[in-house]
Amino acid sequence: MGPITYSICHKPVIGLAMWITGLCTFWPPIPDTEISIRDSGLVLNKEFSAPVAKSYLFTLRFVFPSTEARLKDKLVGQRHVGGYCTGGTEYEDVPLPDRSGLGLPIPLKVIVRTEPGGIPVAEQTFHSLCTTGHMTTDKIRDIGRLHLNEGTYRVEVYNLQPQPAFDGIAIRIRLGSGDAK
């Protein structure tokens, strides 16, 4: 999808028609990519293209071996707690009564550089705390959003805190549009 199609997809009538017919499908610049957060350090180093200038959302998908394992999970978290789930709040800053149901904090540093050239255009540390959705054997957490212009980039994602407790759970990172169209 290019900038013109993206713009038309947001028009009231024609945009709805295009969305219904699938013409507004926005493929993720980085599809689900398996990572390990068992140790600290670089977990993702990948080139990608942002097809339009907009805010993009980094997410984590936790894949459990069974539905029962997902239902019993307390590591990823069991609820979405308002303003603490956007990636900008550190666990220590969440009031004690609001911590119930949050998962283990996962601090991730994201650096986005232009390609070619390697000039940094974004560098931010996010604190993933809450689950934002689930499916049969999966739970999803938002990491955070970054605004990017149209172009080619390289992203580096660093896990800042070893997370050995997540052994046995497959973890995938994704960069998507973060909205329906």
# chains A, B, ... in the order shown; residues from 1 in each chain; ligands from 1

$ residues_around --residues "Val155 in chain A" --least-positions-apart "5" --cutoff "6 Å" --atoms "only C-alpha atoms" --output "PyMOL selection string"
chain A and resi 45-46+111-112

$ closest_atom_pairs --of "range 28-58 of chain A" --to "range 156-168 of chain A" --cutoff "8 Å" --atoms "only C-alpha atoms" --output "tab-separated table"
residue	atom	partner	partner_atom	distance
A:Ile37	CA	A:Gln163	CA	5.6
A:Arg38	CA	A:Pro164	CA	4.5
A:Asp39	CA	A:Pro162	CA	4.3
A:Ser40	CA	A:Pro162	CA	4.7
A:Gly41	CA	A:Tyr158	CA	5.1
A:Leu42	CA	A:Tyr158	CA	4.3
A:Val43	CA	A:Tyr158	CA	5.6
A:Leu44	CA	A:Val157	CA	5.0
A:Asn45	CA	A:Glu156	CA	4.6
A:Lys46	CA	A:Glu156	CA	6.8

$ write_last_selection --atoms "all heavy atoms" --output "compact mmCIF listing (two decimals), in the first residue's frame"
# COMPACT_ATOMS: atom_id res chain seq x y z
N ILE A 37 13.99 -13.67 24.78
CA ILE A 37 14.28 -12.65 25.79
C ILE A 37 14.90 -13.30 27.04
O ILE A 37 14.94 -12.70 28.09
CB ILE A 37 13.02 -11.83 26.15
CG1 ILE A 37 11.89 -12.71 26.67
CG2 ILE A 37 12.58 -11.00 24.95
CD1 ILE A 37 10.70 -11.93 27.20
N ARG A 38 15.35 -14.54 26.87
CA ARG A 38 15.97 -15.25 27.99
C ARG A 38 17.18 -14.49 28.52
O ARG A 38 17.40 -14.40 29.71
CB ARG A 38 16.40 -16.65 27.53
CG ARG A 38 17.10 -17.45 28.60
CD ARG A 38 17.29 -18.89 28.20
NE ARG A 38 18.09 -19.67 29.11
CZ ARG A 38 17.87 -19.86 30.40
NH1 ARG A 38 16.86 -19.26 30.97
NH2 ARG A 38 18.65 -20.61 31.13
N ASP A 39 17.97 -13.92 27.62
CA ASP A 39 19.15 -13.15 28.00
C ASP A 39 18.97 -11.69 27.59
O ASP A 39 18.17 -11.38 26.70
CB ASP A 39 20.39 -13.71 27.32
CG ASP A 39 20.64 -15.17 27.68
OD1 ASP A 39 20.61 -15.48 28.89
OD2 ASP A 39 20.86 -15.99 26.77
N SER A 40 19.73 -10.80 28.22
CA SER A 40 19.70 -9.40 27.80
C SER A 40 20.57 -9.24 26.56
O SER A 40 21.43 -10.07 26.28
CB SER A 40 20.16 -8.49 28.93
OG SER A 40 21.45 -8.83 29.34
N GLY A 41 20.33 -8.16 25.83
CA GLY A 41 21.11 -7.88 24.63
C GLY A 41 20.24 -7.76 23.40
O GLY A 41 19.00 -7.71 23.48
N LEU A 42 20.89 -7.73 22.25
CA LEU A 42 20.21 -7.57 20.96
C LEU A 42 19.33 -8.78 20.67
O LEU A 42 19.81 -9.91 20.68
CB LEU A 42 21.24 -7.39 19.85
CG LEU A 42 20.72 -7.12 18.44
CD1 LEU A 42 20.03 -5.76 18.37
CD2 LEU A 42 21.86 -7.17 17.44
N VAL A 43 18.03 -8.56 20.44
CA VAL A 43 17.11 -9.66 20.13
C VAL A 43 16.57 -9.57 18.71
O VAL A 43 16.04 -10.55 18.18
CB VAL A 43 15.94 -9.75 21.13
CG1 VAL A 43 16.45 -10.07 22.53
CG2 VAL A 43 15.08 -8.48 21.14
N LEU A 44 16.69 -8.39 18.08
CA LEU A 44 16.22 -8.24 16.71
C LEU A 44 17.06 -7.18 16.01
O LEU A 44 17.27 -6.09 16.56
CB LEU A 44 14.74 -7.84 16.67
CG LEU A 44 14.14 -7.64 15.28
CD1 LEU A 44 13.97 -8.99 14.57
CD2 LEU A 44 12.80 -6.92 15.37
N ASN A 45 17.52 -7.49 14.81
CA ASN A 45 18.25 -6.55 13.96
C ASN A 45 17.75 -6.81 12.55
O ASN A 45 18.15 -7.80 11.94
CB ASN A 45 19.75 -6.78 14.09
CG ASN A 45 20.57 -5.76 13.33
OD1 ASN A 45 20.04 -4.90 12.64
ND2 ASN A 45 21.88 -5.87 13.45
N LYS A 46 16.86 -5.96 12.06
CA LYS A 46 16.16 -6.28 10.81
C LYS A 46 15.90 -5.02 10.00
O LYS A 46 15.50 -3.99 10.53
CB LYS A 46 14.86 -6.98 11.15
CG LYS A 46 14.14 -7.57 9.97
CD LYS A 46 13.03 -8.49 10.46
CE LYS A 46 12.35 -9.18 9.35
NZ LYS A 46 13.05 -10.34 8.84

$ closest_residue --among "A:Ile14, A:Ile8, A:Val110, A:Val76" --to "Ile140 in chain A" --atoms "only C-alpha atoms"
A:Val76

$ select_by_dssp --residues "range 22-87 of chain A" --states "strand (DSSP E)" --output "PyMOL selection string"
chain A and resi 30-35+41-50+54-63

$ write_last_selection --atoms "N, CA and C atoms" --output "compact mmCIF listing (two decimals), in the first residue's frame"
# COMPACT_ATOMS: atom_id res chain seq x y z
N ILE A 30 7.20 -5.50 9.59
CA ILE A 30 7.95 -6.64 10.13
C ILE A 30 6.92 -7.65 10.62
N PRO A 31 6.73 -8.74 9.86
CA PRO A 31 5.78 -9.76 10.32
C PRO A 31 6.33 -10.48 11.56
N ASP A 32 5.48 -11.29 12.20
CA ASP A 32 5.89 -12.04 13.39
C ASP A 32 7.26 -12.67 13.18
N THR A 33 8.20 -12.31 14.03
CA THR A 33 9.58 -12.81 13.97
C THR A 33 9.95 -13.34 15.35
N GLU A 34 10.34 -14.61 15.41
CA GLU A 34 10.65 -15.21 16.71
C GLU A 34 11.91 -14.59 17.30
N ILE A 35 11.84 -14.30 18.61
CA ILE A 35 12.97 -13.75 19.35
C ILE A 35 13.09 -14.51 20.67
N GLY A 41 20.33 -8.16 25.83
CA GLY A 41 21.11 -7.88 24.63
C GLY A 41 20.24 -7.76 23.40
N LEU A 42 20.89 -7.73 22.25
CA LEU A 42 20.21 -7.57 20.96
C LEU A 42 19.33 -8.78 20.67
N VAL A 43 18.03 -8.56 20.44
CA VAL A 43 17.11 -9.66 20.13
C VAL A 43 16.57 -9.57 18.71
N LEU A 44 16.69 -8.39 18.08
CA LEU A 44 16.22 -8.24 16.71
C LEU A 44 17.06 -7.18 16.01
N ASN A 45 17.52 -7.49 14.81
CA ASN A 45 18.25 -6.55 13.96
C ASN A 45 17.75 -6.81 12.55
N LYS A 46 16.86 -5.96 12.06
CA LYS A 46 16.16 -6.28 10.81
C LYS A 46 15.90 -5.02 10.00
N GLU A 47 16.07 -5.14 8.68
CA GLU A 47 15.73 -4.07 7.76
C GLU A 47 14.25 -4.20 7.40
N PHE A 48 13.58 -3.05 7.22
CA PHE A 48 12.16 -3.06 6.83
C PHE A 48 11.84 -1.77 6.09
N SER A 49 10.69 -1.76 5.43
CA SER A 49 10.21 -0.57 4.73
C SER A 49 8.91 -0.10 5.34
N ALA A 50 8.83 1.18 5.60
CA ALA A 50 7.59 1.81 6.04
C ALA A 50 6.93 2.38 4.79
N LYS A 54 3.43 7.34 9.23
CA LYS A 54 2.38 7.14 10.24
C LYS A 54 3.00 6.60 11.51
N SER A 55 2.18 6.37 12.49
CA SER A 55 2.59 5.75 13.74
C SER A 55 2.50 4.24 13.59
N TYR A 56 3.58 3.55 13.90
CA TYR A 56 3.63 2.09 13.81
C TYR A 56 3.72 1.51 15.22
N LEU A 57 3.14 0.32 15.40
CA LEU A 57 3.06 -0.30 16.72
C LEU A 57 3.91 -1.57 16.77
N PHE A 58 4.82 -1.64 17.74
CA PHE A 58 5.57 -2.85 18.03
C PHE A 58 4.76 -3.68 19.02
N THR A 59 4.62 -4.98 18.76
CA THR A 59 3.91 -5.87 19.67
C THR A 59 4.71 -7.14 19.90
N LEU A 60 4.39 -7.81 21.01
CA LEU A 60 4.93 -9.13 21.31
C LEU A 60 3.79 -10.13 21.32
N ARG A 61 4.02 -11.29 20.73
CA ARG A 61 3.05 -12.38 20.76
C ARG A 61 3.70 -13.54 21.51
N PHE A 62 3.01 -14.01 22.55
CA PHE A 62 3.48 -15.13 23.35
C PHE A 62 2.65 -16.35 22.97
N VAL A 63 3.31 -17.39 22.47
CA VAL A 63 2.61 -18.59 22.00
C VAL A 63 2.85 -19.70 23.01

$ atom_distance --atom1 "CA of Gly176 in chain A" --atom2 "CA of Pro12 in chain A"
22.7 Å

$ residues_around --residues "Thr137 in chain A" --least-positions-apart "3" --cutoff "9 Å" --atoms "only C-alpha atoms" --output "PyMOL selection string"
chain A and resi 62-71+134

$ residues_around --residues "Gly117 in chain A" --least-positions-apart "5" --cutoff "12 Å" --atoms "only C-alpha atoms" --output "list in words"
Val112, Thr152, Tyr153 and Arg154 of chain A

$ write_last_selection --atoms "C-alpha atoms" --output "PDB file, in the first residue's frame"
ATOM      1  CA  VAL A 112      15.451   2.756  14.304  1.00  0.00           C
ATOM      2  CA  THR A 152      13.645   2.044   4.427  1.00  0.00           C
ATOM      3  CA  TYR A 153      14.953   1.478   7.939  1.00  0.00           C
ATOM      4  CA  ARG A 154      16.855  -0.932  10.158  1.00  0.00           C
TER       5      ARG A 154
END

$ closest_residue --among "A:Arg113, A:Arg145, A:Lys139, A:Arg172" --to "His80 in chain A" --atoms "only C-alpha atoms"
A:Lys139

$ residues_around --residues "Cys85 in chain A" --least-positions-apart "3" --cutoff "8 Å" --atoms "only C-alpha atoms" --output "JSON, numbers by chain"
{"A": [80, 81, 82, 88, 89, 128, 129, 130, 131, 132, 142]}

$ select_by_dssp --residues "range 93-160 of chain A" --states "helix (DSSP H, G or I)" --output "number ranges by chain"
A: 93, 96-98

$ atom_distance --atom1 "CA of Phe26 in chain A" --atom2 "CA of Leu175 in chain A"
11.3 Å

$ atom_distance --atom1 "CA of Arg79 in chain A" --atom2 "CA of Gly103 in chain A"
8.5 Å

$ decode --residues "range 46-62 of chain A" --atoms "all heavy atoms" --output "mmCIF file, in the first residue's frame"
data_model
loop_
_atom_site.group_PDB
_atom_site.id
_atom_site.type_symbol
_atom_site.label_atom_id
_atom_site.label_comp_id
_atom_site.auth_asym_id
_atom_site.auth_seq_id
_atom_site.Cartn_x
_atom_site.Cartn_y
_atom_site.Cartn_z
ATOM 1 N N LYS A 46 16.857 -5.960 12.064
ATOM 2 C CA LYS A 46 16.165 -6.282 10.813
ATOM 3 C C LYS A 46 15.895 -5.024 9.999
ATOM 4 O O LYS A 46 15.501 -3.994 10.533
ATOM 5 C CB LYS A 46 14.855 -6.980 11.154
ATOM 6 C CG LYS A 46 14.136 -7.571 9.972
ATOM 7 C CD LYS A 46 13.032 -8.486 10.465
ATOM 8 C CE LYS A 46 12.346 -9.183 9.353
ATOM 9 N NZ LYS A 46 13.052 -10.336 8.843
ATOM 10 N N GLU A 47 16.073 -5.142 8.685
ATOM 11 C CA GLU A 47 15.728 -4.066 7.762
ATOM 12 C C GLU A 47 14.253 -4.197 7.399
ATOM 13 O O GLU A 47 13.723 -5.305 7.282
ATOM 14 C CB GLU A 47 16.578 -4.156 6.500
ATOM 15 C CG GLU A 47 16.368 -2.989 5.555
ATOM 16 C CD GLU A 47 17.316 -3.020 4.359
ATOM 17 O OE1 GLU A 47 18.539 -3.018 4.583
ATOM 18 O OE2 GLU A 47 16.797 -3.044 3.226
ATOM 19 N N PHE A 48 13.576 -3.054 7.224
ATOM 20 C CA PHE A 48 12.158 -3.059 6.829
ATOM 21 C C PHE A 48 11.840 -1.767 6.090
ATOM 22 O O PHE A 48 12.602 -0.804 6.131
ATOM 23 C CB PHE A 48 11.246 -3.224 8.052
ATOM 24 C CG PHE A 48 11.231 -2.025 8.971
ATOM 25 C CD1 PHE A 48 10.257 -1.047 8.850
ATOM 26 C CD2 PHE A 48 12.200 -1.874 9.956
ATOM 27 C CE1 PHE A 48 10.243 0.055 9.685
ATOM 28 C CE2 PHE A 48 12.194 -0.781 10.797
ATOM 29 C CZ PHE A 48 11.212 0.194 10.666
ATOM 30 N N SER A 49 10.691 -1.764 5.425
ATOM 31 C CA SER A 49 10.210 -0.574 4.725
ATOM 32 C C SER A 49 8.913 -0.104 5.342
ATOM 33 O O SER A 49 8.008 -0.905 5.575
ATOM 34 C CB SER A 49 9.980 -0.875 3.244
ATOM 35 O OG SER A 49 11.201 -1.124 2.612
ATOM 36 N N ALA A 50 8.835 1.182 5.596
ATOM 37 C CA ALA A 50 7.590 1.814 6.040
ATOM 38 C C ALA A 50 6.927 2.375 4.788
ATOM 39 O O ALA A 50 7.463 3.289 4.165
ATOM 40 C CB ALA A 50 7.883 2.915 7.045
ATOM 41 N N PRO A 51 5.766 1.830 4.379
ATOM 42 C CA PRO A 51 5.171 2.251 3.117
ATOM 43 C C PRO A 51 4.545 3.646 3.151
ATOM 44 O O PRO A 51 4.415 4.276 2.108
ATOM 45 C CB PRO A 51 4.108 1.188 2.854
ATOM 46 C CG PRO A 51 3.793 0.610 4.184
ATOM 47 C CD PRO A 51 5.038 0.743 5.010
ATOM 48 N N VAL A 52 4.173 4.123 4.342
ATOM 49 C CA VAL A 52 3.577 5.454 4.475
ATOM 50 C C VAL A 52 4.056 6.083 5.779
ATOM 51 O O VAL A 52 4.480 5.381 6.704
ATOM 52 C CB VAL A 52 2.024 5.417 4.469
ATOM 53 C CG1 VAL A 52 1.490 4.924 3.147
ATOM 54 C CG2 VAL A 52 1.485 4.586 5.606
ATOM 55 N N ALA A 53 3.971 7.398 5.870
ATOM 56 C CA ALA A 53 4.311 8.107 7.097
ATOM 57 C C ALA A 53 3.154 7.958 8.077
ATOM 58 O O ALA A 53 2.027 8.340 7.774
ATOM 59 C CB ALA A 53 4.576 9.577 6.796
ATOM 60 N N LYS A 54 3.426 7.336 9.225
ATOM 61 C CA LYS A 54 2.384 7.145 10.238
ATOM 62 C C LYS A 54 3.005 6.597 11.509
ATOM 63 O O LYS A 54 4.194 6.325 11.562
ATOM 64 C CB LYS A 54 1.286 6.207 9.739
ATOM 65 C CG LYS A 54 1.729 4.764 9.567
ATOM 66 C CD LYS A 54 0.645 3.812 9.098
ATOM 67 C CE LYS A 54 -0.560 3.660 9.922
ATOM 68 N NZ LYS A 54 -0.467 3.244 11.289
ATOM 69 N N SER A 55 2.176 6.371 12.487
ATOM 70 C CA SER A 55 2.591 5.754 13.735
ATOM 71 C C SER A 55 2.496 4.239 13.592
ATOM 72 O O SER A 55 1.460 3.713 13.195
ATOM 73 C CB SER A 55 1.664 6.232 14.859
ATOM 74 O OG SER A 55 1.951 5.574 16.048
ATOM 75 N N TYR A 56 3.582 3.550 13.898
ATOM 76 C CA TYR A 56 3.633 2.094 13.807
ATOM 77 C C TYR A 56 3.723 1.510 15.219
ATOM 78 O O TYR A 56 4.325 2.109 16.112
ATOM 79 C CB TYR A 56 4.840 1.647 12.978
ATOM 80 C CG TYR A 56 4.695 1.983 11.516
ATOM 81 C CD1 TYR A 56 5.111 3.215 11.021
ATOM 82 C CD2 TYR A 56 4.133 1.078 10.628
ATOM 83 C CE1 TYR A 56 4.976 3.535 9.682
ATOM 84 C CE2 TYR A 56 3.997 1.388 9.277
ATOM 85 C CZ TYR A 56 4.421 2.621 8.819
ATOM 86 O OH TYR A 56 4.284 2.933 7.492
ATOM 87 N N LEU A 57 3.139 0.324 15.405
ATOM 88 C CA LEU A 57 3.064 -0.305 16.715
ATOM 89 C C LEU A 57 3.915 -1.573 16.769
ATOM 90 O O LEU A 57 3.730 -2.478 15.945
ATOM 91 C CB LEU A 57 1.605 -0.655 17.040
ATOM 92 C CG LEU A 57 1.345 -1.385 18.353
ATOM 93 C CD1 LEU A 57 1.695 -0.499 19.545
ATOM 94 C CD2 LEU A 57 -0.117 -1.822 18.425
ATOM 95 N N PHE A 58 4.818 -1.636 17.738
ATOM 96 C CA PHE A 58 5.566 -2.854 18.027
ATOM 97 C C PHE A 58 4.759 -3.678 19.024
ATOM 98 O O PHE A 58 4.271 -3.140 20.024
ATOM 99 C CB PHE A 58 6.937 -2.535 18.649
ATOM 100 C CG PHE A 58 7.954 -2.031 17.682
ATOM 101 C CD1 PHE A 58 8.148 -0.676 17.498
ATOM 102 C CD2 PHE A 58 8.744 -2.927 16.966
ATOM 103 C CE1 PHE A 58 9.103 -0.205 16.615
ATOM 104 C CE2 PHE A 58 9.705 -2.461 16.078
ATOM 105 C CZ PHE A 58 9.882 -1.103 15.907
ATOM 106 N N THR A 59 4.618 -4.979 18.758
ATOM 107 C CA THR A 59 3.909 -5.870 19.671
ATOM 108 C C THR A 59 4.713 -7.143 19.904
ATOM 109 O O THR A 59 5.571 -7.507 19.100
ATOM 110 C CB THR A 59 2.510 -6.272 19.140
ATOM 111 O OG1 THR A 59 2.662 -6.915 17.871
ATOM 112 C CG2 THR A 59 1.584 -5.083 19.006
ATOM 113 N N LEU A 60 4.386 -7.811 21.006
ATOM 114 C CA LEU A 60 4.933 -9.127 21.315
ATOM 115 C C LEU A 60 3.787 -10.129 21.318
ATOM 116 O O LEU A 60 2.709 -9.834 21.843
ATOM 117 C CB LEU A 60 5.591 -9.147 22.703
ATOM 118 C CG LEU A 60 6.867 -8.344 22.879
ATOM 119 C CD1 LEU A 60 7.281 -8.334 24.349
ATOM 120 C CD2 LEU A 60 7.982 -8.924 22.021
ATOM 121 N N ARG A 61 4.023 -11.294 20.734
ATOM 122 C CA ARG A 61 3.047 -12.381 20.764
ATOM 123 C C ARG A 61 3.697 -13.544 21.509
ATOM 124 O O ARG A 61 4.786 -13.980 21.165
ATOM 125 C CB ARG A 61 2.659 -12.827 19.358
ATOM 126 C CG ARG A 61 1.700 -14.013 19.322
ATOM 127 C CD ARG A 61 1.360 -14.451 17.903
ATOM 128 N NE ARG A 61 0.830 -13.375 17.115
ATOM 129 C CZ ARG A 61 -0.466 -13.048 17.047
ATOM 130 N NH1 ARG A 61 -1.336 -13.728 17.731
ATOM 131 N NH2 ARG A 61 -0.857 -12.052 16.288
ATOM 132 N N PHE A 62 3.013 -14.013 22.546
ATOM 133 C CA PHE A 62 3.482 -15.130 23.350
ATOM 134 C C PHE A 62 2.649 -16.348 22.969
ATOM 135 O O PHE A 62 1.429 -16.326 23.117
ATOM 136 C CB PHE A 62 3.310 -14.825 24.842
ATOM 137 C CG PHE A 62 4.088 -13.612 25.274
ATOM 138 C CD1 PHE A 62 3.570 -12.335 25.113
ATOM 139 C CD2 PHE A 62 5.350 -13.757 25.825
ATOM 140 C CE1 PHE A 62 4.286 -11.216 25.507
ATOM 141 C CE2 PHE A 62 6.080 -12.642 26.221
ATOM 142 C CZ PHE A 62 5.545 -11.374 26.060
#
